[in-house]
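*Asks:* Please find target_4.txt (compact mmCIF, C-alpha atoms and all ligand atoms) on the next line:
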# COMPACT_ATOMS: atom_id res chain seq x y z
CA MET Z 1454 -38.88 249.33 100.67
CA THR Z 1455 -36.30 248.03 98.17
CA LYS Z 1456 -36.72 244.38 97.46
CA PRO Z 1457 -33.80 241.94 97.20
CA LYS Z 1458 -32.56 240.43 93.90
CA LEU Z 1459 -31.31 236.96 93.07
CA ILE Z 1460 -28.01 237.18 91.20
CA GLY Z 1461 -25.58 234.50 90.04
CA SER Z 1462 -25.48 230.89 89.04
CA ILE Z 1463 -26.30 227.79 91.04
CA ALA Z 1464 -26.52 224.01 90.59
CA VAL Z 1465 -29.31 222.85 92.88
CA PRO Z 1466 -28.96 219.26 94.23
CA GLY Z 1467 -29.81 216.14 92.25
CA ASP Z 1468 -33.41 215.30 91.36
CA LYS Z 1469 -35.25 213.60 94.23
CA SER Z 1470 -37.73 211.72 92.05
CA ILE Z 1471 -34.97 210.31 89.83
CA SER Z 1472 -32.73 209.54 92.83
CA HIS Z 1473 -35.38 207.27 94.42
CA ARG Z 1474 -35.73 205.39 91.15
CA VAL Z 1475 -31.98 205.11 90.55
CA LEU Z 1476 -31.44 203.74 94.07
CA ILE Z 1477 -34.21 201.16 93.67
CA LEU Z 1478 -33.24 200.10 90.15
CA ALA Z 1479 -29.54 199.85 91.09
CA GLY Z 1480 -30.80 197.68 93.95
CA CYS Z 1481 -32.43 195.40 91.35
CA CYS Z 1482 -29.16 194.96 89.40
CA LYS Z 1483 -26.62 192.28 90.28
CA GLY Z 1484 -23.28 193.97 91.05
CA ILE Z 1485 -22.08 197.50 91.78
CA SER Z 1486 -23.67 200.61 90.23
CA HIS Z 1487 -22.11 204.10 90.55
CA ILE Z 1488 -24.28 207.20 90.83
CA GLU Z 1489 -23.10 210.79 90.74
CA GLY Z 1490 -25.11 213.72 92.08
CA LEU Z 1491 -27.66 211.68 94.03
CA SER Z 1492 -30.13 213.87 95.91
CA PRO Z 1493 -29.09 214.64 99.52
CA ALA Z 1494 -32.80 214.78 100.49
CA GLN Z 1495 -33.90 213.04 103.69
CA ASP Z 1496 -36.58 211.35 101.57
CA CYS Z 1497 -33.91 209.62 99.47
CA GLU Z 1498 -32.06 208.61 102.63
CA SER Z 1499 -35.28 206.88 103.70
CA THR Z 1500 -35.24 204.88 100.45
CA ALA Z 1501 -31.54 204.05 100.90
CA ASN Z 1502 -32.09 202.93 104.51
CA CYS Z 1503 -34.90 200.59 103.47
CA LEU Z 1504 -32.83 199.12 100.63
CA GLN Z 1505 -29.96 198.43 103.04
CA GLN Z 1506 -32.33 196.20 105.00
CA LEU Z 1507 -32.71 194.07 101.86
CA GLY Z 1508 -28.99 193.23 101.73
CA ILE Z 1509 -28.06 196.11 99.40
CA ALA Z 1510 -24.83 197.95 100.36
CA ILE Z 1511 -24.92 201.72 99.71
CA LYS Z 1512 -21.72 203.71 100.24
CA THR Z 1513 -20.96 207.39 99.74
CA GLN Z 1514 -17.52 207.76 98.18
CA GLU Z 1515 -15.14 210.43 99.32
CA THR Z 1516 -14.19 213.15 96.83
CA ASN Z 1517 -11.11 215.24 97.74
CA GLY Z 1518 -11.06 213.64 101.18
CA THR Z 1519 -14.64 214.71 102.08
CA LYS Z 1520 -18.05 213.15 101.75
CA ASN Z 1521 -19.72 216.09 100.03
CA LYS Z 1522 -23.43 215.34 100.33
CA GLN Z 1523 -24.39 218.00 97.79
CA SER Z 1524 -22.68 216.18 94.90
CA ALA Z 1525 -22.29 212.76 96.45
CA CYS Z 1526 -20.92 209.87 94.41
CA VAL Z 1527 -22.58 206.74 95.67
CA SER Z 1528 -21.93 203.06 95.01
CA ILE Z 1529 -24.77 200.58 95.29
CA GLU Z 1530 -23.93 196.87 95.52
CA SER Z 1531 -26.79 194.41 95.26
CA PRO Z 1532 -27.19 190.64 95.02
CA GLY Z 1533 -29.89 191.34 92.37
CA ILE Z 1534 -33.69 191.45 92.43
CA LYS Z 1535 -33.98 187.64 92.77
CA ASN Z 1536 -31.69 187.43 95.82
CA LEU Z 1537 -32.88 190.22 98.11
CA ALA Z 1538 -32.92 189.53 101.87
CA ALA Z 1539 -36.10 189.61 103.96
CA PRO Z 1540 -36.09 192.83 106.05
CA GLN Z 1541 -35.65 192.15 109.77
CA GLU Z 1542 -37.28 195.41 110.80
CA THR Z 1543 -40.05 197.72 109.56
CA LEU Z 1544 -39.28 199.46 106.27
CA PHE Z 1545 -39.64 203.01 107.58
CA ALA Z 1546 -40.38 205.56 104.85
CA GLY Z 1547 -40.16 208.64 107.09
CA ASN Z 1548 -42.00 211.46 105.29
CA SER Z 1549 -41.56 209.99 101.82
CA GLY Z 1550 -44.57 208.93 99.75
CA THR Z 1551 -42.30 207.89 96.89
CA THR Z 1552 -40.31 205.57 99.20
CA ILE Z 1553 -43.33 203.76 100.63
CA ARG Z 1554 -45.24 203.42 97.35
CA LEU Z 1555 -42.34 202.42 95.09
CA LEU Z 1556 -40.93 199.96 97.62
CA ALA Z 1557 -44.41 198.46 98.09
CA GLY Z 1558 -44.26 197.61 94.38
CA LEU Z 1559 -40.80 196.08 94.70
CA MET Z 1560 -41.63 194.05 97.81
CA ALA Z 1561 -44.87 192.74 96.27
CA GLY Z 1562 -42.73 190.46 94.12
CA GLN Z 1563 -40.54 189.16 96.96
CA PRO Z 1564 -41.35 185.81 98.62
CA PHE Z 1565 -41.55 187.10 102.20
CA THR Z 1566 -43.47 189.51 104.43
CA SER Z 1567 -42.37 193.16 104.75
CA ARG Z 1568 -43.83 195.65 107.22
CA PHE Z 1569 -44.11 199.31 106.12
CA ASP Z 1570 -44.60 202.46 108.16
CA GLY Z 1571 -43.74 206.17 108.10
CA ASP Z 1572 -44.15 209.41 110.02
CA GLU Z 1573 -47.45 211.04 111.02
CA SER Z 1574 -47.93 212.59 107.57
CA ILE Z 1575 -47.31 209.29 105.76
CA ARG Z 1576 -49.84 207.58 108.02
CA LYS Z 1577 -52.52 209.94 106.65
CA ARG Z 1578 -51.71 209.50 102.95
CA PRO Z 1579 -53.70 207.11 100.72
CA MET Z 1580 -51.99 203.77 100.12
CA ALA Z 1581 -54.92 201.84 98.58
CA ARG Z 1582 -54.26 203.51 95.20
CA VAL Z 1583 -51.18 201.25 95.03
CA LEU Z 1584 -52.01 198.37 97.37
CA ASP Z 1585 -55.44 197.53 95.86
CA HIS Z 1586 -53.73 196.91 92.52
CA LEU Z 1587 -50.92 194.88 94.09
CA GLU Z 1588 -53.58 192.76 95.80
CA GLN Z 1589 -55.17 192.12 92.40
CA MET Z 1590 -51.78 190.86 91.19
CA GLY Z 1591 -51.75 188.29 94.00
CA THR Z 1592 -50.06 190.01 96.98
CA GLU Z 1593 -51.49 189.72 100.47
CA ILE Z 1594 -51.92 193.12 102.16
CA ASN Z 1595 -52.72 193.60 105.84
CA TYR Z 1596 -53.50 197.05 107.19
CA LEU Z 1597 -52.31 197.14 110.80
CA ASP Z 1598 -54.24 200.20 112.06
CA SER Z 1599 -56.70 201.62 109.52
CA GLU Z 1600 -57.89 200.38 106.16
CA GLY Z 1601 -55.99 202.01 103.27
CA LEU Z 1602 -53.30 203.59 105.47
CA ALA Z 1603 -49.82 202.78 106.79
CA PRO Z 1604 -48.69 200.82 108.75
CA PHE Z 1605 -49.30 197.69 106.64
CA THR Z 1606 -47.63 194.42 105.71
CA ILE Z 1607 -47.09 192.98 102.25
CA SER Z 1608 -46.65 189.23 101.79
CA GLY Z 1609 -45.36 188.97 98.27
CA GLY Z 1610 -44.36 186.54 95.53
CA ASN Z 1611 -46.29 184.64 92.81
CA LEU Z 1612 -47.57 187.75 91.09
CA GLN Z 1613 -49.76 187.61 88.01
CA GLY Z 1614 -49.48 190.45 85.47
CA GLN Z 1615 -52.59 192.61 85.01
CA GLU Z 1616 -53.81 195.56 82.97
CA PHE Z 1617 -54.56 198.70 85.01
CA THR Z 1618 -56.16 202.02 84.10
CA LEU Z 1619 -55.29 204.57 86.78
CA LYS Z 1620 -57.79 207.25 87.82
CA VAL Z 1621 -55.05 209.77 88.66
CA ALA Z 1622 -51.97 210.53 86.55
CA SER Z 1623 -49.67 209.37 89.35
CA ALA Z 1624 -46.11 208.51 88.38
CA GLN Z 1625 -45.64 206.97 91.83
CA VAL Z 1626 -48.48 204.49 91.39
CA GLN Z 1627 -47.41 203.71 87.82
CA THR Z 1628 -43.82 203.04 88.91
CA ALA Z 1629 -44.88 200.84 91.84
CA LEU Z 1630 -46.97 198.67 89.51
CA LEU Z 1631 -44.19 198.43 86.92
CA LEU Z 1632 -41.73 197.32 89.64
CA ALA Z 1633 -44.22 194.60 90.63
CA GLY Z 1634 -44.74 193.78 86.92
CA LEU Z 1635 -41.01 193.09 86.49
CA GLN Z 1636 -41.51 190.21 88.95
CA ALA Z 1637 -44.92 188.93 87.70
CA SER Z 1638 -45.79 186.22 85.25
CA GLY Z 1639 -47.37 187.50 82.04
CA ARG Z 1640 -47.61 191.13 81.06
CA THR Z 1641 -48.41 194.11 83.30
CA THR Z 1642 -49.76 197.21 81.58
CA VAL Z 1643 -50.41 200.56 83.25
CA HIS Z 1644 -52.50 203.24 81.52
CA LEU Z 1645 -52.11 206.79 82.83
CA PRO Z 1646 -54.89 209.35 82.26
CA GLY Z 1647 -52.55 212.10 81.08
CA ILE Z 1648 -48.97 213.24 81.08
CA ALA Z 1649 -46.75 212.57 84.12
CA ARG Z 1650 -43.00 212.34 84.69
CA ASP Z 1651 -41.55 209.40 82.71
CA HIS Z 1652 -38.28 209.01 84.65
CA THR Z 1653 -38.97 205.32 85.24
CA THR Z 1654 -39.16 204.29 81.59
CA ARG Z 1655 -36.27 206.59 80.69
CA LEU Z 1656 -34.21 204.73 83.28
CA PHE Z 1657 -35.49 201.35 82.05
CA LYS Z 1658 -34.21 202.30 78.60
CA TYR Z 1659 -30.87 203.58 79.95
CA ILE Z 1660 -30.27 200.41 81.96
CA GLY Z 1661 -31.66 197.99 79.37
CA ILE Z 1662 -34.88 196.83 81.06
CA PRO Z 1663 -37.37 195.89 78.31
CA PHE Z 1664 -40.74 197.66 78.22
CA ARG Z 1665 -43.33 198.70 75.68
CA ASN Z 1666 -44.61 202.23 75.43
CA GLY Z 1667 -47.86 202.83 73.58
CA ASN Z 1668 -50.15 205.82 73.47
CA GLY Z 1669 -53.83 205.02 73.16
CA GLU Z 1670 -56.23 207.76 72.17
CA THR Z 1671 -56.54 209.13 75.67
CA TYR Z 1672 -54.08 207.09 77.69
CA HIS Z 1673 -50.33 206.76 77.94
CA ALA Z 1674 -49.61 203.06 78.45
CA VAL Z 1675 -46.48 201.19 79.55
CA SER Z 1676 -46.13 197.39 79.63
CA VAL Z 1677 -43.47 195.19 81.20
CA GLU Z 1678 -42.89 191.48 81.63
CA SER Z 1679 -40.95 189.42 84.13
CA LEU Z 1680 -37.18 190.04 84.20
CA ASP Z 1681 -35.63 186.70 83.36
CA GLU Z 1682 -32.00 187.80 82.91
CA PRO Z 1683 -30.14 189.61 85.72
CA ILE Z 1684 -29.80 193.34 84.98
CA GLU Z 1685 -26.26 194.67 84.63
CA PRO Z 1686 -25.18 197.42 87.05
CA PHE Z 1687 -24.81 200.91 85.58
CA GLN Z 1688 -23.27 204.38 85.98
CA TYR Z 1689 -25.53 207.42 86.12
CA LYS Z 1690 -25.39 211.17 86.66
CA VAL Z 1691 -28.52 212.69 88.22
CA PRO Z 1692 -29.80 216.02 86.76
CA ALA Z 1693 -30.50 218.95 89.11
CA ASP Z 1694 -34.01 218.93 90.57
CA ILE Z 1695 -36.48 221.23 88.79
CA SER Z 1696 -38.77 221.08 91.84
CA SER Z 1697 -35.97 222.60 93.97
CA ALA Z 1698 -34.97 225.05 91.21
CA ALA Z 1699 -38.62 226.20 91.06
CA PHE Z 1700 -38.29 228.17 94.33
CA PHE Z 1701 -35.41 230.24 92.92
CA MET Z 1702 -37.12 230.57 89.53
CA VAL Z 1703 -40.26 232.07 91.05
CA ALA Z 1704 -38.30 234.40 93.33
CA ALA Z 1705 -36.04 235.63 90.51
CA ALA Z 1706 -38.99 236.05 88.11
CA CYS Z 1707 -40.84 238.28 90.63
CA LEU Z 1708 -37.87 240.38 91.80
CA PRO Z 1709 -36.81 243.12 89.35
CA GLY Z 1710 -33.04 243.30 88.80
CA SER Z 1711 -32.62 239.55 89.34
CA ASN Z 1712 -30.42 237.65 86.90
CA LEU Z 1713 -30.12 233.99 87.78
CA VAL Z 1714 -28.82 230.89 85.99
CA LEU Z 1715 -29.76 227.44 87.28
CA THR Z 1716 -27.44 224.84 85.77
CA ASN Z 1717 -28.03 221.23 84.59
CA VAL Z 1718 -31.73 221.28 85.48
CA GLY Z 1719 -33.88 218.32 84.41
CA ILE Z 1720 -36.59 219.50 82.00
CA ASN Z 1721 -38.54 216.26 81.63
CA ALA Z 1722 -41.85 217.13 79.90
CA GLY Z 1723 -43.71 215.69 82.91
CA ARG Z 1724 -42.11 218.31 85.20
CA THR Z 1725 -42.06 221.62 83.30
CA LEU Z 1726 -45.27 223.29 84.50
CA VAL Z 1727 -43.27 225.84 86.49
CA ILE Z 1728 -41.47 227.01 83.33
CA ASP Z 1729 -44.64 227.03 81.21
CA VAL Z 1730 -46.66 228.94 83.81
CA LEU Z 1731 -43.99 231.57 84.52
CA LYS Z 1732 -43.57 232.11 80.77
CA ARG Z 1733 -47.35 232.49 80.36
CA MET Z 1734 -47.21 235.10 83.13
CA GLY Z 1735 -44.71 237.05 81.03
CA ALA Z 1736 -41.54 236.07 82.92
CA ASN Z 1737 -38.25 236.36 81.08
CA ILE Z 1738 -37.03 232.73 81.12
CA THR Z 1739 -34.59 231.23 78.62
CA LEU Z 1740 -33.48 227.61 78.32
CA LEU Z 1741 -29.77 227.50 77.45
CA ASN Z 1742 -27.63 224.55 76.29
CA GLU Z 1743 -30.52 222.11 76.01
CA ARG Z 1744 -29.04 218.62 75.93
CA ILE Z 1745 -29.57 214.99 76.97
CA MET Z 1746 -27.79 213.56 80.01
CA ALA Z 1747 -28.31 209.92 80.99
CA ASN Z 1748 -31.42 209.80 78.79
CA GLU Z 1749 -33.05 212.81 80.52
CA PRO Z 1750 -33.43 216.24 78.84
CA ILE Z 1751 -31.59 218.95 80.79
CA ALA Z 1752 -30.82 222.67 80.33
CA ASP Z 1753 -29.38 225.69 82.07
CA ILE Z 1754 -32.25 228.05 82.90
CA ARG Z 1755 -31.79 231.82 82.90
CA VAL Z 1756 -34.39 233.94 84.73
CA ILE Z 1757 -34.45 237.75 84.55
CA GLY Z 1758 -36.62 239.52 87.12
CA SER Z 1759 -39.62 241.80 86.58
CA ASP Z 1760 -42.55 243.17 88.59
CA GLN Z 1761 -44.93 242.99 85.63
CA LEU Z 1762 -46.15 239.36 85.75
CA ILE Z 1763 -49.71 238.79 84.57
CA GLY Z 1764 -52.29 236.22 85.70
CA THR Z 1765 -52.92 232.78 84.18
CA ASN Z 1766 -55.12 229.73 84.76
CA ILE Z 1767 -53.66 226.31 85.59
CA THR Z 1768 -56.01 223.52 84.57
CA HIS Z 1769 -56.54 219.90 85.62
CA ASP Z 1770 -54.64 218.38 82.65
CA GLU Z 1771 -51.50 220.33 83.58
CA ILE Z 1772 -51.37 219.58 87.30
CA ALA Z 1773 -49.36 216.31 87.14
CA SER Z 1774 -46.49 218.16 85.42
CA GLY Z 1775 -46.09 220.54 88.37
CA VAL Z 1776 -47.99 219.08 91.29
CA ASP Z 1777 -45.16 219.93 93.71
CA GLU Z 1778 -44.62 223.45 92.36
CA ILE Z 1779 -48.13 224.86 92.94
CA PRO Z 1780 -47.34 226.23 96.46
CA VAL Z 1781 -44.47 228.41 95.19
CA LEU Z 1782 -46.27 229.36 91.96
CA ALA Z 1783 -49.12 230.68 94.14
CA LEU Z 1784 -46.69 233.35 95.40
CA ALA Z 1785 -46.21 234.63 91.85
CA GLY Z 1786 -50.01 234.50 91.49
CA ALA Z 1787 -50.49 236.62 94.62
CA LEU Z 1788 -48.27 239.36 93.14
CA CYS Z 1789 -49.39 239.29 89.50
CA LYS Z 1790 -51.55 241.72 87.57
CA GLY Z 1791 -55.02 240.18 87.05
CA SER Z 1792 -56.31 236.81 88.14
CA PHE Z 1793 -54.40 233.58 88.81
CA SER Z 1794 -56.28 230.33 89.26
CA VAL Z 1795 -55.57 226.64 89.85
CA LYS Z 1796 -58.35 224.11 89.22
CA GLY Z 1797 -58.58 220.30 89.12
CA ALA Z 1798 -55.84 220.05 91.74
CA SER Z 1799 -57.54 218.08 94.55
CA GLU Z 1800 -54.45 215.79 94.59
CA LEU Z 1801 -52.72 218.62 96.48
CA ARG Z 1802 -54.87 217.83 99.50
CA LEU Z 1803 -53.23 214.37 99.66
CA LYS Z 1804 -49.58 215.43 99.70
CA GLU Z 1805 -47.29 215.91 102.73
CA SER Z 1806 -50.00 218.32 104.00
CA ASP Z 1807 -53.30 219.62 102.65
CA ARG Z 1808 -51.47 222.06 100.40
CA LEU Z 1809 -54.59 223.80 99.04
CA GLN Z 1810 -55.74 224.69 102.53
CA LEU Z 1811 -52.30 225.86 103.66
CA ILE Z 1812 -51.68 227.96 100.54
CA ALA Z 1813 -55.07 229.65 100.91
CA ASN Z 1814 -54.80 230.27 104.67
CA ASN Z 1815 -51.18 231.46 104.58
CA LEU Z 1816 -51.73 233.82 101.65
CA LYS Z 1817 -54.97 235.18 103.08
CA ALA Z 1818 -53.28 235.89 106.43
CA ALA Z 1819 -50.46 237.70 104.59
CA GLY Z 1820 -52.97 240.00 102.86
CA ALA Z 1821 -53.52 238.30 99.49
CA ASP Z 1822 -56.96 238.15 97.92
CA ILE Z 1823 -57.40 234.36 97.58
CA THR Z 1824 -60.46 232.12 97.53
CA GLU Z 1825 -60.03 228.42 98.27
CA LEU Z 1826 -62.00 226.00 96.04
CA ASP Z 1827 -62.56 222.26 96.58
CA ASP Z 1828 -60.01 221.53 93.88
CA GLY Z 1829 -57.85 224.65 93.76
CA PHE Z 1830 -57.95 228.39 94.38
CA ILE Z 1831 -58.45 231.75 92.67
CA ILE Z 1832 -56.27 234.77 93.44
CA ALA Z 1833 -56.91 238.39 92.49
CA GLY Z 1834 -53.29 239.55 92.18
CA LYS Z 1835 -51.98 242.64 94.01
CA LYS Z 1836 -48.89 244.78 93.57
CA ASN Z 1837 -47.99 244.47 97.26
CA ILE Z 1838 -48.61 241.81 99.89
CA PRO Z 1839 -48.17 243.18 103.44
CA GLY Z 1840 -46.97 239.92 105.11
CA LYS Z 1841 -46.25 240.26 108.87
CA SER Z 1842 -48.39 237.14 109.44
CA PHE Z 1843 -47.90 233.55 110.62
CA TRP Z 1844 -46.96 231.02 107.90
CA HIS Z 1845 -48.07 227.48 108.71
CA THR Z 1846 -46.03 224.61 107.28
CA HIS Z 1847 -47.48 221.56 109.05
CA LEU Z 1848 -43.92 220.19 108.64
CA ASP Z 1849 -44.35 220.20 104.84
CA HIS Z 1850 -40.97 221.01 103.21
CA ARG Z 1851 -42.49 222.74 100.19
CA LEU Z 1852 -44.54 225.03 102.41
CA ALA Z 1853 -41.45 225.88 104.50
CA MET Z 1854 -39.41 226.77 101.39
CA SER Z 1855 -42.36 228.78 100.01
CA GLY Z 1856 -42.39 230.73 103.30
CA LEU Z 1857 -38.71 231.60 102.88
CA ILE Z 1858 -39.42 232.84 99.34
CA ALA Z 1859 -42.48 234.79 100.56
CA ASN Z 1860 -40.10 236.67 102.86
CA LEU Z 1861 -38.29 238.04 99.80
CA LEU Z 1862 -41.46 238.97 97.92
CA PHE Z 1863 -43.78 240.40 100.59
CA ASP Z 1864 -43.48 243.91 102.09
CA ASN Z 1865 -42.73 242.44 105.53
CA PRO Z 1866 -41.50 239.00 106.56
CA VAL Z 1867 -43.85 236.24 107.70
CA GLU Z 1868 -43.17 234.17 110.81
CA ILE Z 1869 -42.58 230.65 109.51
CA GLU Z 1870 -43.78 227.79 111.75
CA GLU Z 1871 -40.51 225.88 111.19
CA THR Z 1872 -37.88 225.48 108.47
CA ASN Z 1873 -36.22 222.19 109.52
CA SER Z 1874 -38.54 220.32 107.16
CA THR Z 1875 -36.67 221.84 104.17
CA ALA Z 1876 -34.18 218.96 104.68
CA ILE Z 1877 -36.86 216.54 103.42
CA SER Z 1878 -36.01 217.59 99.85
CA TYR Z 1879 -33.28 220.30 100.02
CA PRO Z 1880 -31.09 220.35 103.16
CA SER Z 1881 -28.98 223.38 102.08
CA PHE Z 1882 -31.90 225.45 100.77
CA ALA Z 1883 -31.55 228.37 103.19
CA GLN Z 1884 -27.76 228.68 102.66
CA ASP Z 1885 -28.10 228.43 98.86
CA LEU Z 1886 -30.80 231.10 98.87
CA LYS Z 1887 -28.61 233.37 100.98
CA SER Z 1888 -25.66 232.90 98.59
CA LEU Z 1889 -27.79 234.20 95.69
CA LEU Z 1890 -28.86 237.29 97.61
CA GLY Z 1891 -25.24 238.49 97.54
C1 LIG Z 1901 -43.40 211.68 92.43
C2 LIG Z 1901 -44.61 211.88 91.86
C3 LIG Z 1901 -45.58 212.86 92.36
C4 LIG Z 1901 -44.93 213.91 93.23
C5 LIG Z 1901 -43.99 213.31 94.23
C6 LIG Z 1901 -42.91 212.51 93.53
C7 LIG Z 1901 -42.55 210.60 91.90
O1 LIG Z 1901 -46.56 212.16 93.09
O2 LIG Z 1901 -45.89 214.68 93.91
O3 LIG Z 1901 -43.38 214.34 94.99
O4 LIG Z 1901 -41.35 210.57 92.22
O5 LIG Z 1901 -43.06 209.76 91.16
P1 LIG Z 1901 -47.80 211.48 92.31
O6 LIG Z 1901 -47.22 210.72 91.18
O7 LIG Z 1901 -48.50 210.57 93.25
O8 LIG Z 1901 -48.64 212.64 91.89
Take the structure in the file and write it out as structure tokens.
Ligand code: S3P
*Replies:*
Amino acid sequence: MTKPKLIGSIAVPGDKSISHRVLILAGCCKGISHIEGLSPAQDCESTANCLQQLGIAIKTQETNGTKNKQSACVSIESPGIKNLAAPQETLFAGNSGTTIRLLAGLMAGQPFTSRFDGDESIRKRPMARVLDHLEQMGTEINYLDSEGLAPFTISGGNLQGQEFTLKVASAQVQTALLLAGLQASGRTTVHLPGIARDHTTRLFKYIGIPFRNGNGETYHAVSVESLDEPIEPFQYKVPADISSAAFFMVAAACLPGSNLVLTNVGINAGRTLVIDVLKRMGANITLLNERIMANEPIADIRVIGSDQLIGTNITHDEIASGVDEIPVLALAGALCKGSFSVKGASELRLKESDRLQLIANNLKAAGADITELDDGFIIAGKKNIPGKSFWHTHLDHRLAMSGLIANLLFDNPVEIEETNSTAISYPSFAQDLKSLLG
């Protein structure tokens, strides 16, 4: 059977992680900020909807008479972090862990009670990793159903800065605590046990929010103090999302004859595991036009296809720089020559689904030789994967998109449980993929 190829050039939508932060930080400024290329992800809409409940007006501007969601230009008008309104209804995060955790940090500093909730998946994800620390800073937390899980309320205000050493290199937890720290008396310092995405401090610098960045011997530390002056609104252009680009990168790298360019992709050092791993596997990947846009490194990424990828091992220290890309990288692992392993990745069990279990079960059913470990998996790569199996997604967008890529790489298609969840991060994924198949 001849396999398809990915040919052409594409700008995937704006970075989801950065878009959440830009929305929230614009919501902390007094006045109107303008953002180009905001992510059209449902997750970012959840953040925007919550912010609107705080008296922040968010409007999509029309370009050429249409509201083009893919490259939306959005204005965000806020009364400033010291004048936010108390939400009248539950702040509903939908499926978005970044929304609920980052906004918990923001609301911890506000002198009223906010109620948080989300969908079934959010209700299973650990919240204590953020809320325990916010409690230590002086917030009152009430879990409404089960300890450590949503739904919960936060009664904020009167925060006291603290020094925290996180057990996991979580950029979400770090950012939540820094947002609380900007509203606390004294200094708040967060030590991270390893490298993670630093979009938050890059944005702080871009906007002019003071912080201190110090590297200890083993920890990366960031400190902030209370924001006394109002922050000026800003203009920003969001880079393309490397986590979305990753699906096309893996497909192109594994399909001989592919020649793909992904433009304006963010290559923040806390996000580049997918590039590093594919290169280690022997993929032909070139970064073109490396440059800085809005204080983030970006590049155009060229990928030339091959069917000669070799195995590699992904270790614990690397996971934070590609935690969302492991499901799609596992597809390259299933088809490589030799052995492909992921270890120290138990965080993947706490994402939108238990991703380690789903990767292992889906690949095994499709005919791959994979062994699930407590904290990862080991694959003995094969030249061909038969497919013709059922691909569970558990409504996890990254599993659904991985299933669509598996259908290009395996000998026969898999039956994917659902693909609507792709809209959580990349609403036009299926159309964009089709456009590259020619
Ligand atoms: C994110 C950080 C990661 C990632 C998530 C987005 C962020 O979570 O999995 O999709 O925007 O900070 P953790 O920091 O909890 O690992």
*Asks:* Using only C-alpha atoms for the distances, tell me which of Z:Arg1733, Z:Arg1568, Z:Arg1554, Z:Arg1808 is nearest to Ala1633 (chain Z).
*Replies:*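 Of Z:Arg1733, Z:Arg1568, Z:Arg1554, Z:Arg1808, the one nearest Ala1633 (chain Z) is Z:Arg1554, counting only C-alpha atoms.
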*Asks:* Could you write out as lines of an AutoDock Vina configuration file the box around region 1572-1585 of chain Z (axis-aligned, all atoms listed in the file, 6 Å on each side), with centre and edge lengths in Å to one decimal?
*Replies:*
center_x = -49.8
center_y = 205.1
center_z = 103.0
size_x = 23.3
size_y = 27.1
size_z = 28.0
*Asks:* How many Å lie between atom O7 of ligand LIG 1901 (chain Z) and CA of Trp1844 (chain Z), rounded to one decimal?
*Replies:*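 Rounded to one decimal, the two atoms are 25.2 Å apart.
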*Asks:* Kindly provide, as a ChimeraX atom specification, all nucleotide and amino acid residues lying within 10 Å of ligand LIG 1901 (chain Z), counting all atoms listed in the file.
*Replies:* /Z:1468-1474,1496,1549-1552,1554-1555,1579,1582-1583,1621-1629,1649-1653,1696,1723-1724,1772-1778,1800-1801,1803-1805,1851,1878
*Asks:* Provide the CA of Gln1563 (chain Z) to CA of Ala1637 (chain Z) distance in Å, to one decimal place.
*Replies:*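 Interatomic distance, CA of Gln1563 (chain Z) to CA of Ala1637 (chain Z): 10.2 Å.
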*Asks:* Go through Z:Gly1856, Z:Gly1647, Z:Pro1663, Z:Pro1692 one by one, measure the shortest atom-to-atom distance of each to Gly1634 (chain Z) using only C-alpha atoms, and give the residue with the smallest value.
*Replies:* Z:Pro1663
